[in-house]
>>> print(open('model26.pdb').read())   # PDB, C-alpha atoms
ATOM      1  CA  MET A   1     -52.615  34.677  65.424
ATOM      2  CA  LYS A   2     -49.504  34.479  63.262
ATOM      3  CA  ALA A   3     -49.569  31.568  60.771
ATOM      4  CA  THR A   4     -46.893  28.936  61.101
ATOM      5  CA  LYS A   5     -44.432  28.749  58.226
ATOM      6  CA  LYS A   6     -42.392  25.754  57.262
ATOM      7  CA  PHE A   7     -38.797  26.084  56.148
ATOM      8  CA  ASN A   8     -35.989  23.713  55.284
ATOM      9  CA  LEU A   9     -32.336  24.035  56.051
ATOM     10  CA  GLU A  10     -30.552  23.260  52.790
ATOM     11  CA  LEU A  11     -26.981  22.963  51.633
ATOM     12  CA  PHE A  12     -26.143  26.077  49.633
ATOM     13  CA  GLU A  13     -22.490  25.585  48.722
ATOM     14  CA  GLU A  14     -19.516  23.482  49.684
ATOM     15  CA  SER A  15     -15.960  24.714  50.001
ATOM     16  CA  GLU A  16     -12.654  23.339  51.200
ATOM     17  CA  LYS A  17     -13.079  24.200  54.887
ATOM     18  CA  VAL A  18     -16.752  25.194  55.257
ATOM     19  CA  ASN A  19     -20.152  24.031  54.081
ATOM     20  CA  PHE A  20     -22.617  26.883  53.668
ATOM     21  CA  TYR A  21     -26.276  26.217  54.405
ATOM     22  CA  THR A  22     -29.261  28.491  54.023
ATOM     23  CA  ILE A  23     -32.936  28.698  54.979
ATOM     24  CA  HIS A  24     -35.568  28.000  52.316
ATOM     25  CA  PHE A  25     -39.212  28.713  53.151
ATOM     26  CA  GLU A  26     -41.723  26.300  51.684
ATOM     27  CA  ASN A  27     -43.320  27.625  48.458
ATOM     28  CA  ASP A  28     -40.710  30.410  48.120
ATOM     29  CA  GLU A  29     -38.841  30.416  44.838
ATOM     30  CA  TYR A  30     -35.574  31.485  46.398
ATOM     31  CA  SER A  31     -33.739  30.671  49.599
ATOM     32  CA  GLU A  32     -33.077  33.482  52.101
ATOM     33  CA  PHE A  33     -29.492  33.971  51.004
ATOM     34  CA  GLU A  34     -30.488  34.008  47.330
ATOM     35  CA  LYS A  35     -33.037  36.705  48.168
ATOM     36  CA  PHE A  36     -30.211  38.711  49.720
ATOM     37  CA  LEU A  37     -28.011  38.280  46.650
ATOM     38  CA  ILE A  38     -30.816  39.160  44.224
ATOM     39  CA  GLY A  39     -32.050  42.104  46.261
ATOM     40  CA  HIS A  40     -28.721  43.958  46.547
ATOM     41  CA  GLN A  41     -27.349  44.087  43.025
ATOM     42  CA  SER A  42     -28.177  47.745  42.423
ATOM     43  CA  ILE A  43     -25.363  50.276  41.978
ATOM     44  CA  GLN A  44     -25.888  51.486  45.541
ATOM     45  CA  PHE A  45     -24.923  48.118  47.070
ATOM     46  CA  ARG A  46     -22.988  46.439  44.286
ATOM     47  CA  ASN A  47     -19.476  46.870  45.682
ATOM     48  CA  ASP A  48     -20.593  45.962  49.186
ATOM     49  CA  LEU A  49     -22.271  42.831  47.871
ATOM     50  CA  LEU A  50     -19.157  41.810  45.933
ATOM     51  CA  ARG A  51     -17.078  42.439  49.041
ATOM     52  CA  ILE A  52     -19.367  40.057  50.945
ATOM     53  CA  VAL A  53     -19.017  37.452  48.162
ATOM     54  CA  SER A  54     -15.235  37.734  48.399
ATOM     55  CA  TRP A  55     -15.399  37.479  52.203
ATOM     56  CA  ILE A  56     -17.502  34.293  51.943
ATOM     57  CA  ASP A  57     -14.887  32.767  49.633
ATOM     58  CA  LYS A  58     -12.179  33.626  52.139
ATOM     59  CA  ILE A  59     -14.174  32.012  54.951
ATOM     60  CA  GLY A  60     -14.517  28.941  52.713
ATOM     61  CA  GLU A  61     -10.714  28.764  52.541
ATOM     62  CA  THR A  62      -9.916  29.487  56.191
ATOM     63  CA  GLY A  63     -12.895  28.218  58.219
ATOM     64  CA  ALA A  64     -15.763  30.032  59.916
ATOM     65  CA  LEU A  65     -13.736  30.993  62.979
ATOM     66  CA  GLU A  66     -15.625  32.767  65.746
ATOM     67  CA  ARG A  67     -13.405  35.825  65.674
ATOM     68  CA  TYR A  68     -14.363  36.627  62.068
ATOM     69  CA  PHE A  69     -17.972  37.431  63.010
ATOM     70  CA  ARG A  70     -19.637  40.395  64.551
ATOM     71  CA  PRO A  71     -21.935  39.011  67.267
ATOM     72  CA  GLU A  72     -25.580  39.995  66.936
ATOM     73  CA  SER A  73     -28.742  38.904  68.690
ATOM     74  CA  LYS A  74     -28.726  37.799  72.301
ATOM     75  CA  MET A  75     -25.708  36.541  74.140
ATOM     76  CA  HIS A  76     -24.635  32.924  73.732
ATOM     77  CA  ASP A  77     -26.196  32.147  70.386
ATOM     78  CA  GLY A  78     -24.157  31.870  67.228
ATOM     79  CA  VAL A  79     -25.973  34.580  65.266
ATOM     80  CA  GLY A  80     -23.568  37.033  63.724
ATOM     81  CA  ALA A  81     -23.223  39.560  60.961
ATOM     82  CA  ILE A  82     -20.649  39.543  58.230
ATOM     83  CA  PRO A  83     -18.466  42.416  59.319
ATOM     84  CA  ILE A  84     -17.980  44.655  56.319
ATOM     85  CA  GLU A  85     -16.852  47.821  58.080
ATOM     86  CA  VAL A  86     -17.045  50.143  55.117
ATOM     87  CA  SER A  87     -20.625  49.169  54.398
ATOM     88  CA  LYS A  88     -23.977  49.454  56.055
ATOM     89  CA  LEU A  89     -25.161  46.366  54.205
ATOM     90  CA  ARG A  90     -25.664  43.614  56.743
ATOM     91  CA  LEU A  91     -25.794  39.896  56.025
ATOM     92  CA  TYR A  92     -26.794  37.808  59.010
ATOM     93  CA  CYS A  93     -25.633  34.276  59.551
ATOM     94  CA  LEU A  94     -25.563  31.508  62.108
ATOM     95  CA  ARG A  95     -22.226  29.954  62.894
ATOM     96  CA  VAL A  96     -22.769  26.326  63.856
ATOM     97  CA  SER A  97     -19.077  25.451  63.995
ATOM     98  CA  ASP A  98     -15.768  26.376  62.340
ATOM     99  CA  ARG A  99     -16.921  24.205  59.420
ATOM    100  CA  ILE A 100     -20.634  24.981  59.119
ATOM    101  CA  LEU A 101     -22.113  28.396  58.441
ATOM    102  CA  ILE A 102     -25.793  29.120  57.797
ATOM    103  CA  LEU A 103     -26.269  32.164  55.584
ATOM    104  CA  GLY A 104     -29.480  34.061  56.157
ATOM    105  CA  ASN A 105     -30.867  37.270  54.758
ATOM    106  CA  GLY A 106     -30.059  40.878  55.568
ATOM    107  CA  GLY A 107     -30.332  44.380  54.277
ATOM    108  CA  HIS A 108     -29.289  47.976  54.538
ATOM    109  CA  LYS A 109     -28.838  49.320  58.046
ATOM    110  CA  PRO A 110     -28.804  53.116  57.877
ATOM    111  CA  LYS A 111     -26.629  55.113  60.272
ATOM    112  CA  SER A 112     -29.762  56.460  61.906
ATOM    113  CA  GLN A 113     -30.559  52.962  63.188
ATOM    114  CA  ARG A 114     -28.607  51.887  66.205
ATOM    115  CA  SER A 115     -29.554  48.235  66.046
ATOM    116  CA  TYR A 116     -31.209  45.622  63.834
ATOM    117  CA  ASN A 117     -34.157  45.798  66.262
ATOM    118  CA  ASP A 118     -35.073  49.196  64.821
ATOM    119  CA  ASP A 119     -35.887  47.705  61.403
ATOM    120  CA  PRO A 120     -38.656  45.065  61.122
ATOM    121  CA  HIS A 121     -36.987  43.291  58.186
ATOM    122  CA  LEU A 122     -33.542  43.122  59.810
ATOM    123  CA  ASN A 123     -35.146  42.080  63.061
ATOM    124  CA  ASP A 124     -36.903  39.182  61.263
ATOM    125  CA  CYS A 125     -33.607  38.157  59.628
ATOM    126  CA  VAL A 126     -31.895  37.910  63.019
ATOM    127  CA  GLU A 127     -34.867  36.381  64.829
ATOM    128  CA  ILE A 128     -35.258  33.473  62.425
ATOM    129  CA  LEU A 129     -31.567  32.593  62.823
ATOM    130  CA  SER A 130     -31.875  32.898  66.563
ATOM    131  CA  GLN A 131     -34.875  30.531  66.513
ATOM    132  CA  LEU A 132     -33.040  28.150  64.236
ATOM    133  CA  ASP A 133     -30.123  28.103  66.659
ATOM    134  CA  LYS A 134     -32.494  26.944  69.414
ATOM    135  CA  PHE A 135     -34.078  24.295  67.145
ATOM    136  CA  LEU A 136     -30.692  22.932  66.138
ATOM    137  CA  LYS A 137     -29.445  22.752  69.718
ATOM    138  CA  TYR A 138     -32.623  20.954  70.762
ATOM    139  CA  ARG A 139     -32.460  18.476  67.878
ATOM    140  CA  LYS A 140     -28.774  17.836  68.466
ATOM    141  CA  HIS A 141     -29.597  17.111  72.085
ATOM    142  CA  ASN A 142     -32.425  14.669  71.242
ATOM    143  CA  GLU A 143     -30.373  13.257  68.343
ATOM    144  CA  THR A 144     -32.851  13.960  65.539
ATOM    145  CA  ILE A 145     -30.066  15.750  63.717
ATOM    146  CA  CYS A 146     -26.406  14.932  63.524
ATOM    147  CA  VAL A 147     -23.606  17.444  62.978
ATOM    148  CA  VAL A 148     -20.455  15.766  61.710
ATOM    149  CA  ASP A 149     -17.533  17.712  60.315
ATOM    150  CA  GLN A 150     -19.048  19.910  57.550
ATOM    151  CA  THR A 151     -22.428  18.216  57.355
ATOM    152  CA  ILE A 152     -25.773  18.403  59.125
ATOM    153  CA  THR A 153     -28.015  15.382  58.577
ATOM    154  CA  GLY A 154     -31.400  14.312  59.887
ATOM    155  CA  ASN A 155     -34.690  16.157  60.034
ATOM    156  CA  LEU A 156     -33.922  19.598  58.593
ATOM    157  CA  SER A 157     -37.524  20.843  58.297
ATOM    158  CA  PHE A 158     -38.688  23.430  60.812
ATOM    159  CA  TYR A 159     -41.813  25.414  61.622
ATOM    160  CA  ILE A 160     -41.736  28.990  62.817
TER     161      ILE A 160
ATOM    162  CA  MET B   1     -13.156  13.947  39.562
ATOM    163  CA  SER B   2     -11.272  16.102  42.113
ATOM    164  CA  LYS B   3     -12.912  17.087  45.416
ATOM    165  CA  GLN B   4     -12.868  20.746  44.312
ATOM    166  CA  ASN B   5     -14.825  19.969  41.129
ATOM    167  CA  SER B   6     -17.416  17.792  42.833
ATOM    168  CA  MET B   7     -18.286  20.433  45.439
ATOM    169  CA  LYS B   8     -21.765  21.882  45.260
ATOM    170  CA  LYS B   9     -21.799  25.462  43.945
ATOM    171  CA  ASN B  10     -24.701  27.881  43.608
ATOM    172  CA  PRO B  11     -25.122  29.357  40.088
ATOM    173  CA  LEU B  12     -26.181  32.776  41.375
ATOM    174  CA  LEU B  13     -23.162  33.080  43.662
ATOM    175  CA  GLU B  14     -20.911  31.750  40.904
ATOM    176  CA  GLU B  15     -22.103  34.541  38.589
ATOM    177  CA  LEU B  16     -21.378  37.159  41.238
ATOM    178  CA  ARG B  17     -17.959  35.637  41.924
ATOM    179  CA  LYS B  18     -16.975  36.377  38.337
ATOM    180  CA  LYS B  19     -17.818  40.038  38.900
ATOM    181  CA  VAL B  20     -15.672  40.567  42.022
ATOM    182  CA  PRO B  21     -12.939  43.045  41.013
ATOM    183  CA  GLU B  22      -9.339  42.019  41.650
ATOM    184  CA  ASN B  23      -8.810  44.979  43.985
ATOM    185  CA  ILE B  24     -11.587  43.772  46.307
ATOM    186  CA  LYS B  25     -10.209  40.206  46.315
ATOM    187  CA  SER B  26      -6.748  41.547  47.004
ATOM    188  CA  GLU B  27      -8.002  43.805  49.798
ATOM    189  CA  ILE B  28      -9.847  40.934  51.522
ATOM    190  CA  ASP B  29      -6.834  38.608  51.103
ATOM    191  CA  LEU B  30      -4.459  41.143  52.621
ATOM    192  CA  SER B  31      -6.837  41.947  55.436
ATOM    193  CA  PHE B  32      -7.156  38.263  56.394
ATOM    194  CA  GLU B  33      -3.391  37.779  56.125
ATOM    195  CA  ILE B  34      -2.808  40.652  58.552
ATOM    196  CA  VAL B  35      -5.266  39.442  61.202
ATOM    197  CA  ASN B  36      -4.126  35.846  60.845
ATOM    198  CA  ARG B  37      -0.540  37.013  61.357
ATOM    199  CA  ILE B  38      -1.537  38.992  64.470
ATOM    200  CA  GLN B  39      -3.420  35.945  65.783
ATOM    201  CA  GLU B  40      -0.375  33.763  65.093
ATOM    202  CA  ILE B  41       1.824  36.084  67.166
ATOM    203  CA  LEU B  42      -0.733  36.204  69.980
ATOM    204  CA  LEU B  43      -0.816  32.394  70.106
ATOM    205  CA  MET B  44       2.974  32.172  69.887
ATOM    206  CA  LYS B  45       3.365  34.579  72.812
ATOM    207  CA  ASN B  46       0.454  33.088  74.745
ATOM    208  CA  LEU B  47      -1.417  36.378  74.665
ATOM    209  CA  THR B  48      -5.123  37.107  74.210
ATOM    210  CA  GLN B  49      -6.898  39.858  72.297
ATOM    211  CA  ARG B  50      -7.546  41.445  75.706
ATOM    212  CA  ASP B  51      -3.788  41.488  76.400
ATOM    213  CA  LEU B  52      -3.184  43.161  73.048
ATOM    214  CA  ALA B  53      -5.876  45.721  73.829
ATOM    215  CA  GLU B  54      -4.185  46.501  77.145
ATOM    216  CA  LEU B  55      -0.776  46.789  75.517
ATOM    217  CA  LEU B  56      -2.204  49.291  73.028
ATOM    218  CA  GLY B  57      -4.415  51.147  75.476
ATOM    219  CA  LYS B  58      -7.506  50.192  73.445
ATOM    220  CA  SER B  59     -10.748  48.507  74.382
ATOM    221  CA  GLU B  60     -11.118  44.773  73.853
ATOM    222  CA  ALA B  61     -14.134  45.490  71.603
ATOM    223  CA  GLU B  62     -11.930  47.621  69.331
ATOM    224  CA  VAL B  63      -9.302  44.890  68.976
ATOM    225  CA  SER B  64     -12.011  42.288  68.456
ATOM    226  CA  LYS B  65     -13.381  44.453  65.604
ATOM    227  CA  TRP B  66      -9.918  44.562  64.002
ATOM    228  CA  MET B  67      -9.588  40.780  64.182
ATOM    229  CA  ARG B  68     -12.673  40.081  62.037
ATOM    230  CA  GLY B  69     -10.653  40.197  58.844
ATOM    231  CA  THR B  70     -12.260  43.185  57.195
ATOM    232  CA  HIS B  71     -10.711  46.072  59.105
ATOM    233  CA  ASN B  72      -8.953  48.714  57.074
ATOM    234  CA  PHE B  73      -5.701  48.978  59.067
ATOM    235  CA  THR B  74      -3.694  52.179  58.909
ATOM    236  CA  CYS B  75       0.111  52.156  58.892
ATOM    237  CA  LYS B  76      -0.058  53.909  62.264
ATOM    238  CA  THR B  77      -2.071  51.064  63.819
ATOM    239  CA  LEU B  78       0.110  48.373  62.254
ATOM    240  CA  ALA B  79       3.239  50.105  63.563
ATOM    241  CA  LYS B  80       1.738  50.268  67.059
ATOM    242  CA  ILE B  81       0.791  46.570  66.961
ATOM    243  CA  LYS B  82       4.277  45.690  65.747
ATOM    244  CA  MET B  83       5.835  47.642  68.625
ATOM    245  CA  ALA B  84       3.437  46.168  71.183
ATOM    246  CA  LEU B  85       3.994  42.574  70.084
ATOM    247  CA  GLY B  86       7.677  42.949  69.201
ATOM    248  CA  GLU B  87       7.200  41.055  65.959
ATOM    249  CA  PRO B  88       6.834  42.180  62.335
ATOM    250  CA  ILE B  89       3.272  42.095  60.976
ATOM    251  CA  ILE B  90       3.723  42.863  57.293
ATOM    252  CA  GLU B  91       6.772  42.950  55.089
ATOM    253  CA  VAL B  92       7.395  45.297  52.192
ATOM    254  CA  THR B  93       9.206  43.580  49.353
ATOM    255  CA  GLY B  94      11.452  45.368  46.886
ATOM    256  CA  LYS B  95      12.538  44.506  43.384
ATOM    257  CA  LYS B  96      16.087  43.753  44.466
ATOM    258  CA  ALA B  97      16.305  40.032  45.148
ATOM    259  CA  LYS B  98      18.511  38.682  47.899
ATOM    260  CA  THR B  99      21.735  37.229  46.575
ATOM    261  CA  GLU B 100      22.304  33.598  47.382
ATOM    262  CA  TYR B 101      25.631  31.891  46.930
ATOM    263  CA  ILE B 102      25.624  28.232  45.993
ATOM    264  CA  LEU B 103      28.704  26.109  46.398
ATOM    265  CA  ILE B 104      29.450  24.160  43.247
ATOM    266  CA  GLN B 105      31.792  21.273  42.678
ATOM    267  CA  VAL B 106      33.535  21.321  39.349
ATOM    268  CA  SER B 107      35.158  18.332  37.670
ATOM    269  CA  PRO B 108      38.963  18.667  37.737
ATOM    270  CA  ASN B 109      39.251  18.392  33.957
ATOM    271  CA  VAL B 110      36.983  21.377  33.301
ATOM    272  CA  SER B 111      38.589  24.796  33.184
ATOM    273  CA  LEU B 112      36.609  27.809  34.297
ATOM    274  CA  PRO B 113      37.313  31.365  33.144
ATOM    275  CA  MET B 114      39.312  33.302  35.740
ATOM    276  CA  ASN B 115      37.400  35.448  38.254
ATOM    277  CA  GLU B 116      34.130  33.770  37.321
ATOM    278  CA  SER B 117      31.595  34.030  40.068
ATOM    279  CA  ILE B 118      28.027  32.868  39.895
ATOM    280  CA  LYS B 119      25.380  34.738  41.798
ATOM    281  CA  MET B 120      21.826  33.562  41.777
ATOM    282  CA  SER B 121      18.694  34.723  43.545
ATOM    283  CA  ASN B 122      17.251  31.213  43.711
ATOM    284  CA  LYS B 123      17.910  27.673  42.588
ATOM    285  CA  SER B 124      15.837  27.859  39.416
ATOM    286  CA  ASP B 125      17.864  30.934  38.426
ATOM    287  CA  PHE B 126      20.910  28.840  39.095
ATOM    288  CA  ALA B 127      19.821  26.211  36.580
ATOM    289  CA  ILE B 128      19.071  28.837  33.944
ATOM    290  CA  ASN B 129      22.229  30.763  34.669
ATOM    291  CA  TYR B 130      24.339  27.633  34.667
ATOM    292  CA  ASN B 131      22.912  26.375  31.375
ATOM    293  CA  GLN B 132      23.417  29.745  29.773
ATOM    294  CA  THR B 133      26.952  30.342  30.938
ATOM    295  CA  SER B 134      28.727  27.039  30.692
ATOM    296  CA  LYS B 135      27.325  23.874  29.239
ATOM    297  CA  LEU B 136      30.553  22.026  29.840
ATOM    298  CA  MET B 137      30.603  22.490  33.567
ATOM    299  CA  GLU B 138      29.343  19.721  35.820
ATOM    300  CA  ALA B 139      28.092  21.074  39.105
ATOM    301  CA  THR B 140      26.547  19.884  42.312
ATOM    302  CA  SER B 141      24.841  22.289  44.698
ATOM    303  CA  TYR B 142      25.176  21.803  48.435
ATOM    304  CA  ASN B 143      22.296  22.888  50.659
TER     305      ASN B 143
END
>>> encode(input="model26.pdb", output="structure tokens")
Amino acid sequence: MKATKKFNLELFEESEKVNFYTIHFENDEYSEFEKFLIGHQSIQFRNDLLRIVSWIDKIGETGALERYFRPESKMHDGVGAIPIEVSKLRLYCLRVSDRILILGNGGHKPKSQRSYNDDPHLNDCVEILSQLDKFLKYRKHNETICVVDQTITGNLSFYI
Amino acid sequence: MSKQNSMKKNPLLEELRKKVPENIKSEIDLSFEIVNRIQEILLMKNLTQRDLAELLGKSEAEVSKWMRGTHNFTCKTLAKIKMALGEPIIEVTGKKAKTEYILIQVSPNVSLPMNESIKMSNKSDFAINYNQTSKLMEATSYN
């Protein structure tokens, strides 16, 4: 049986139009997005990573509009990938609203792979965001969390 | 403390931000400007991305991919979009500034040199030009 892991949803950065959150597993030194940033600083991914950083800044200025994301996962959840066309580096995220974006983890998706499902790591990155989407919807419904403007408040600890 | 300064920032991301080359920033800026302009025209004309796809003979998925803000548009595609929407998307600017004429009112007791004409590209140029050419002249610009 797979052990249950606890994670917290934490505020990563604030910007003019968007607050960026990320997932932080209990006892892990780094959050999921920090792991992504640390893990892709080699020459091979450097420019792609910096392009993603620049894209995040732009989203912070304009808002996390739905049309800016490449939908991933199943239909009707907000899981998307940051759409850097020239790169096969994928960063997955969960768009809660135009003003709240949850940055997850990601990795290299080689051309030989048709979908994130083909890679266990990428699959995990998408699945956790997909699960989180369900948790958030449920907690919004039973009012244990509150989403107002750029902020999520309430019980932000989850078990997966 | 301003709102900008009090915003939470992550040190790791801040370090990476410093390393983003200007050409990448510029590329992302331009790319967003283009798709935001296309979106503006679509809204203005009450059209959807699907309508644009039909006008261009493309799939909706293709147009949706363009509108994510990171597509590397070719001149050919931009020209086709411009033709389809009937509105300019991007503008190429040259060094030659547009000439603007500003009407000035001169006090009757001040004499101007004959055939003097003042051409300025903008109002700040006007102030500089005016100060440099004739300190005696009193002028009022009319918008």
>>> closest_residue(input="model26.pdb", among="A:Gly154, A:Ile160, A:Arg70, A:Arg95", to="A:Asp124", atoms="only C-alpha atoms")
A:Ile160
>>> interface_residues(input="model26.pdb", of="chain A", to="chain B", cutoff="12 Å", atoms="all atoms listed in the file", output="PDB file with C-alpha atoms, in the coordinates of the input")
ATOM      1  CA  GLU A  10     -30.552  23.260  52.790  1.00  0.00           C
ATOM      2  CA  LEU A  11     -26.981  22.963  51.633  1.00  0.00           C
ATOM      3  CA  PHE A  12     -26.143  26.077  49.633  1.00  0.00           C
ATOM      4  CA  GLU A  13     -22.490  25.585  48.722  1.00  0.00           C
ATOM      5  CA  GLU A  14     -19.516  23.482  49.684  1.00  0.00           C
ATOM      6  CA  SER A  15     -15.960  24.714  50.001  1.00  0.00           C
ATOM      7  CA  GLU A  16     -12.654  23.339  51.200  1.00  0.00           C
ATOM      8  CA  LYS A  17     -13.079  24.200  54.887  1.00  0.00           C
ATOM      9  CA  VAL A  18     -16.752  25.194  55.257  1.00  0.00           C
ATOM     10  CA  ASN A  19     -20.152  24.031  54.081  1.00  0.00           C
ATOM     11  CA  PHE A  20     -22.617  26.883  53.668  1.00  0.00           C
ATOM     12  CA  TYR A  21     -26.276  26.217  54.405  1.00  0.00           C
ATOM     13  CA  THR A  22     -29.261  28.491  54.023  1.00  0.00           C
ATOM     14  CA  TYR A  30     -35.574  31.485  46.398  1.00  0.00           C
ATOM     15  CA  SER A  31     -33.739  30.671  49.599  1.00  0.00           C
ATOM     16  CA  PHE A  33     -29.492  33.971  51.004  1.00  0.00           C
ATOM     17  CA  GLU A  34     -30.488  34.008  47.330  1.00  0.00           C
ATOM     18  CA  LYS A  35     -33.037  36.705  48.168  1.00  0.00           C
ATOM     19  CA  PHE A  36     -30.211  38.711  49.720  1.00  0.00           C
ATOM     20  CA  LEU A  37     -28.011  38.280  46.650  1.00  0.00           C
ATOM     21  CA  ILE A  38     -30.816  39.160  44.224  1.00  0.00           C
ATOM     22  CA  HIS A  40     -28.721  43.958  46.547  1.00  0.00           C
ATOM     23  CA  GLN A  41     -27.349  44.087  43.025  1.00  0.00           C
ATOM     24  CA  ARG A  46     -22.988  46.439  44.286  1.00  0.00           C
ATOM     25  CA  ASN A  47     -19.476  46.870  45.682  1.00  0.00           C
ATOM     26  CA  ASP A  48     -20.593  45.962  49.186  1.00  0.00           C
ATOM     27  CA  LEU A  49     -22.271  42.831  47.871  1.00  0.00           C
ATOM     28  CA  LEU A  50     -19.157  41.810  45.933  1.00  0.00           C
ATOM     29  CA  ARG A  51     -17.078  42.439  49.041  1.00  0.00           C
ATOM     30  CA  ILE A  52     -19.367  40.057  50.945  1.00  0.00           C
ATOM     31  CA  VAL A  53     -19.017  37.452  48.162  1.00  0.00           C
ATOM     32  CA  SER A  54     -15.235  37.734  48.399  1.00  0.00           C
ATOM     33  CA  TRP A  55     -15.399  37.479  52.203  1.00  0.00           C
ATOM     34  CA  ILE A  56     -17.502  34.293  51.943  1.00  0.00           C
ATOM     35  CA  ASP A  57     -14.887  32.767  49.633  1.00  0.00           C
ATOM     36  CA  LYS A  58     -12.179  33.626  52.139  1.00  0.00           C
ATOM     37  CA  ILE A  59     -14.174  32.012  54.951  1.00  0.00           C
ATOM     38  CA  GLY A  60     -14.517  28.941  52.713  1.00  0.00           C
ATOM     39  CA  GLU A  61     -10.714  28.764  52.541  1.00  0.00           C
ATOM     40  CA  THR A  62      -9.916  29.487  56.191  1.00  0.00           C
ATOM     41  CA  GLY A  63     -12.895  28.218  58.219  1.00  0.00           C
ATOM     42  CA  ALA A  64     -15.763  30.032  59.916  1.00  0.00           C
ATOM     43  CA  LEU A  65     -13.736  30.993  62.979  1.00  0.00           C
ATOM     44  CA  GLU A  66     -15.625  32.767  65.746  1.00  0.00           C
ATOM     45  CA  ARG A  67     -13.405  35.825  65.674  1.00  0.00           C
ATOM     46  CA  TYR A  68     -14.363  36.627  62.068  1.00  0.00           C
ATOM     47  CA  PHE A  69     -17.972  37.431  63.010  1.00  0.00           C
ATOM     48  CA  ARG A  70     -19.637  40.395  64.551  1.00  0.00           C
ATOM     49  CA  PRO A  71     -21.935  39.011  67.267  1.00  0.00           C
ATOM     50  CA  GLY A  80     -23.568  37.033  63.724  1.00  0.00           C
ATOM     51  CA  ALA A  81     -23.223  39.560  60.961  1.00  0.00           C
ATOM     52  CA  ILE A  82     -20.649  39.543  58.230  1.00  0.00           C
ATOM     53  CA  PRO A  83     -18.466  42.416  59.319  1.00  0.00           C
ATOM     54  CA  ILE A  84     -17.980  44.655  56.319  1.00  0.00           C
ATOM     55  CA  GLU A  85     -16.852  47.821  58.080  1.00  0.00           C
ATOM     56  CA  VAL A  86     -17.045  50.143  55.117  1.00  0.00           C
ATOM     57  CA  SER A  87     -20.625  49.169  54.398  1.00  0.00           C
TER      58      SER A  87
END
>>> resolve_selection(input="model26.pdb", expression="the PyMOL selection byres ((chain B and resi 86) around 12)", output="MDAnalysis selection string")
chainID B and resid 38 41:42 44:45 52 55 78:85 87:89
>>> residues_around(input="model26.pdb", residues="B:Val63", least_positions_apart="4", cutoff="9 Å", atoms="only C-alpha atoms", output="JSON, numbers by chain")
{"B": [49, 50, 52, 53, 58, 59, 67]}
>>> atom_distance(input="model26.pdb", atom1="atom CA of A:Leu9", atom2="atom CA of A:Val148")
15.5 Å
>>> resolve_selection(input="model26.pdb", expression="the PyMOL selection byres ((chain A and resi 126) around 9)", output="list in words")
Glu72, Ser73, Val79, Gly80, Tyr92, Cys93, Gly104, Asn105, Gly106, Tyr116, Asn117, His121, Leu122, Asn123, Asp124, Cys125, Glu127, Ile128, Leu129, Ser130 and Gln131 of chain A
>>> write_last_selection(input="model26.pdb", atoms="C-alpha atoms", output="PDB file, in the frame of the given file")
ATOM      1  CA  GLU A  72     -25.580  39.995  66.936  1.00  0.00           C
ATOM      2  CA  SER A  73     -28.742  38.904  68.690  1.00  0.00           C
ATOM      3  CA  VAL A  79     -25.973  34.580  65.266  1.00  0.00           C
ATOM      4  CA  GLY A  80     -23.568  37.033  63.724  1.00  0.00           C
ATOM      5  CA  TYR A  92     -26.794  37.808  59.010  1.00  0.00           C
ATOM      6  CA  CYS A  93     -25.633  34.276  59.551  1.00  0.00           C
ATOM      7  CA  GLY A 104     -29.480  34.061  56.157  1.00  0.00           C
ATOM      8  CA  ASN A 105     -30.867  37.270  54.758  1.00  0.00           C
ATOM      9  CA  GLY A 106     -30.059  40.878  55.568  1.00  0.00           C
ATOM     10  CA  TYR A 116     -31.209  45.622  63.834  1.00  0.00           C
ATOM     11  CA  ASN A 117     -34.157  45.798  66.262  1.00  0.00           C
ATOM     12  CA  HIS A 121     -36.987  43.291  58.186  1.00  0.00           C
ATOM     13  CA  LEU A 122     -33.542  43.122  59.810  1.00  0.00           C
ATOM     14  CA  ASN A 123     -35.146  42.080  63.061  1.00  0.00           C
ATOM     15  CA  ASP A 124     -36.903  39.182  61.263  1.00  0.00           C
ATOM     16  CA  CYS A 125     -33.607  38.157  59.628  1.00  0.00           C
ATOM     17  CA  GLU A 127     -34.867  36.381  64.829  1.00  0.00           C
ATOM     18  CA  ILE A 128     -35.258  33.473  62.425  1.00  0.00           C
ATOM     19  CA  LEU A 129     -31.567  32.593  62.823  1.00  0.00           C
ATOM     20  CA  SER A 130     -31.875  32.898  66.563  1.00  0.00           C
ATOM     21  CA  GLN A 131     -34.875  30.531  66.513  1.00  0.00           C
TER      22      GLN A 131
END
>>> atom_distance(input="model26.pdb", atom1="atom CA of A:Ser97", atom2="atom CA of A:Leu132")
14.2 Å
>>> residues_around(input="model26.pdb", residues="A:Lys88", least_positions_apart="2", cutoff="7 Å", atoms="only C-alpha atoms", output="JSON, numbers by chain")
{"A": [90, 108, 109, 110]}
>>> atom_distance(input="model26.pdb", atom1="atom CA of A:Val147", atom2="atom CA of A:Val96")
9.0 Å
>>> resolve_selection(input="model26.pdb", expression="the PyMOL selection byres ((chain A and resi 159) around 7)", output="ChimeraX atom specification")
/A:4-7,158,160
